[in-house]
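Novice: Structure provided below as structure tokens; questions to follow.
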Amino acid sequence: MKLEVNGAPIYFEIPILGGIPITGSLVVTWGAMIVLTLVCAWLTHDMKVRGISKRQAVAETIYGLVYGLVRDNMGQKWMGYLPLVTALFGLSVSCSLASLLGLWSPTADVNTTLAWALVVFALITYHKIRGHGVGGYLKSYTEPIFLMTPFNILGEVFTPVSMAFRHFGNIVSGYVISMLIYAALIAANHALFGLLPGVVGEVLGNIPFLGIGIPALFSLYFDWFGSFIQAFIFCMLTMIFISTAED
């Protein structure tokens, strides 16, 4: 079965795998991972110590930026999480910018961001148990007094929920605002040129002059800046929550 409604995620099932549902979010995410893998392989191919290529210079610059970000926010002890933070940032940006290619953006699907947040939550829980033991971890829910236990549990559960919905909500809101702006420009275009008499006004009113160029300016913020800033925030929360879990 296959379904596509007004640009919603494509949905189809694979009978030979027991009817596992495959959505547009999964397909685009897999595509983004393949592209990122190929780009990384290309950037790091034939690396040298001296006489490096521009390609290697770009790879070293990216590595240096991410290395400094993780070291400054997590500390040298947590540098093992450098690949995870890099992967989360690259995948988040790639999935968000997929809309520029006319593809469905996986970050506009809460299932995608929630899956990432649950992975981070599992790592947070692991380090809390590792740092305090099972008993200490369970005891933390009763602090400072036993009556706070339900609220502490809710606070713990809402950690991945807030991470997921923050990322998802900002991406979707950018889509909605962009569509509203475009619709307003089309309406303004029709009203403006509709003032011209006769067929001229009717013809020119149906040509979206105001819809050309102006939406691209808003895209610089909602698509480009929004995608990078949401990926950055998600990674920052990941680093902070994990690095403080054993405290």
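Residue numbering restarts at 1 in every chain; chains get A, B, ... in the order shown in the structure tokens, and ligands count up from 1 in that same order.
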Give me the residues within 8 Å of Ala117 (chain A) as a ChimeraX atom specification, counting only C-alpha atoms and dropping any in the same chain fewer than 5 places off.
Specialist: /A:160-161,163-164
Novice: Under the rule of at most 7 Å, produce a per-residue listing of region 55-126 of chain A near region 22-33 of chain A: chain, number, name, the closest pair of atoms, and the distance in Å, as JSON lines, using only C-alpha atoms.
Specialist:
{"residue": "A:Leu91", "atom": "CA", "partner": "A:Ala32", "partner_atom": "CA", "distance": 6.7}
{"residue": "A:Ser94", "atom": "CA", "partner": "A:Ala32", "partner_atom": "CA", "distance": 6.1}
{"residue": "A:Cys95", "atom": "CA", "partner": "A:Thr29", "partner_atom": "CA", "distance": 6.4}
{"residue": "A:Trp104", "atom": "CA", "partner": "A:Gly24", "partner_atom": "CA", "distance": 6.4}
{"residue": "A:Ser105", "atom": "CA", "partner": "A:Ser25", "partner_atom": "CA", "distance": 6.7}
{"residue": "A:Pro106", "atom": "CA", "partner": "A:Ser25", "partner_atom": "CA", "distance": 4.4}
{"residue": "A:Asp109", "atom": "CA", "partner": "A:Ser25", "partner_atom": "CA", "distance": 6.9}
Novice: For the contact check between region 50-122 of chain A and region 171-180 of chain A, emit one row per residue of region 50-122 of chain A within 8 Å, containing the shortest atom pair and the distance in Å rounded to one decimal, counting only C-alpha atoms, chain then rising number order, as a Markdown table.
Specialist:
| residue | atom | partner | partner_atom | distance |
| --- | --- | --- | --- | --- |
| A:Ser96 | CA | A:Ile171 | CA | 7.4 |
| A:Thr107 | CA | A:Ile171 | CA | 6.7 |
| A:Ala108 | CA | A:Val172 | CA | 5.4 |
Novice: Since we have the selection now, will you write its residues out, keeping N, CA and C atoms, as a short mmCIF file (atom, residue, chain, number, x, y, z; two decimals), in the first residue's frame?
Specialist:
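Here's the written file again13.cif:
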data_model
loop_
_atom_site.label_atom_id
_atom_site.label_comp_id
_atom_site.auth_asym_id
_atom_site.auth_seq_id
_atom_site.Cartn_x
_atom_site.Cartn_y
_atom_site.Cartn_z
N SER A 96 16.81 18.83 7.71
CA SER A 96 16.04 20.08 7.69
C SER A 96 16.13 20.77 6.33
N THR A 107 12.86 16.30 9.92
CA THR A 107 12.78 17.01 11.19
C THR A 107 11.43 17.68 11.39
N ALA A 108 10.57 17.67 10.36
CA ALA A 108 9.20 18.15 10.50
C ALA A 108 8.28 17.00 10.91
#
Novice: So that I can check the surroundings of region 239-243 of chain A, please list as a PyMOL selection string every protein, DNA and RNA residue that reaches within 9 Å of it, counting only C-alpha atoms and ignoring chain neighbours fewer than 4 positions away.
Specialist: chain A and resi 70+73-75+77-78+81+85+120-121+123-125+127-128+234-235+247
Novice: Calculate how many Å separate CA of Gly68 (chain A) from CA of Val49 (chain A), rounding to one decimal.
Specialist: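 Computed distance, CA of Gly68 (chain A) to CA of Val49 (chain A), equals 20.9 Å.
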Novice: Restricting the calculation to only C-alpha atoms, which member of A:Phe151, A:Phe232, A:Tyr126, A:Phe193 is positioned closest to His167 (chain A)?
Specialist: A:Phe232
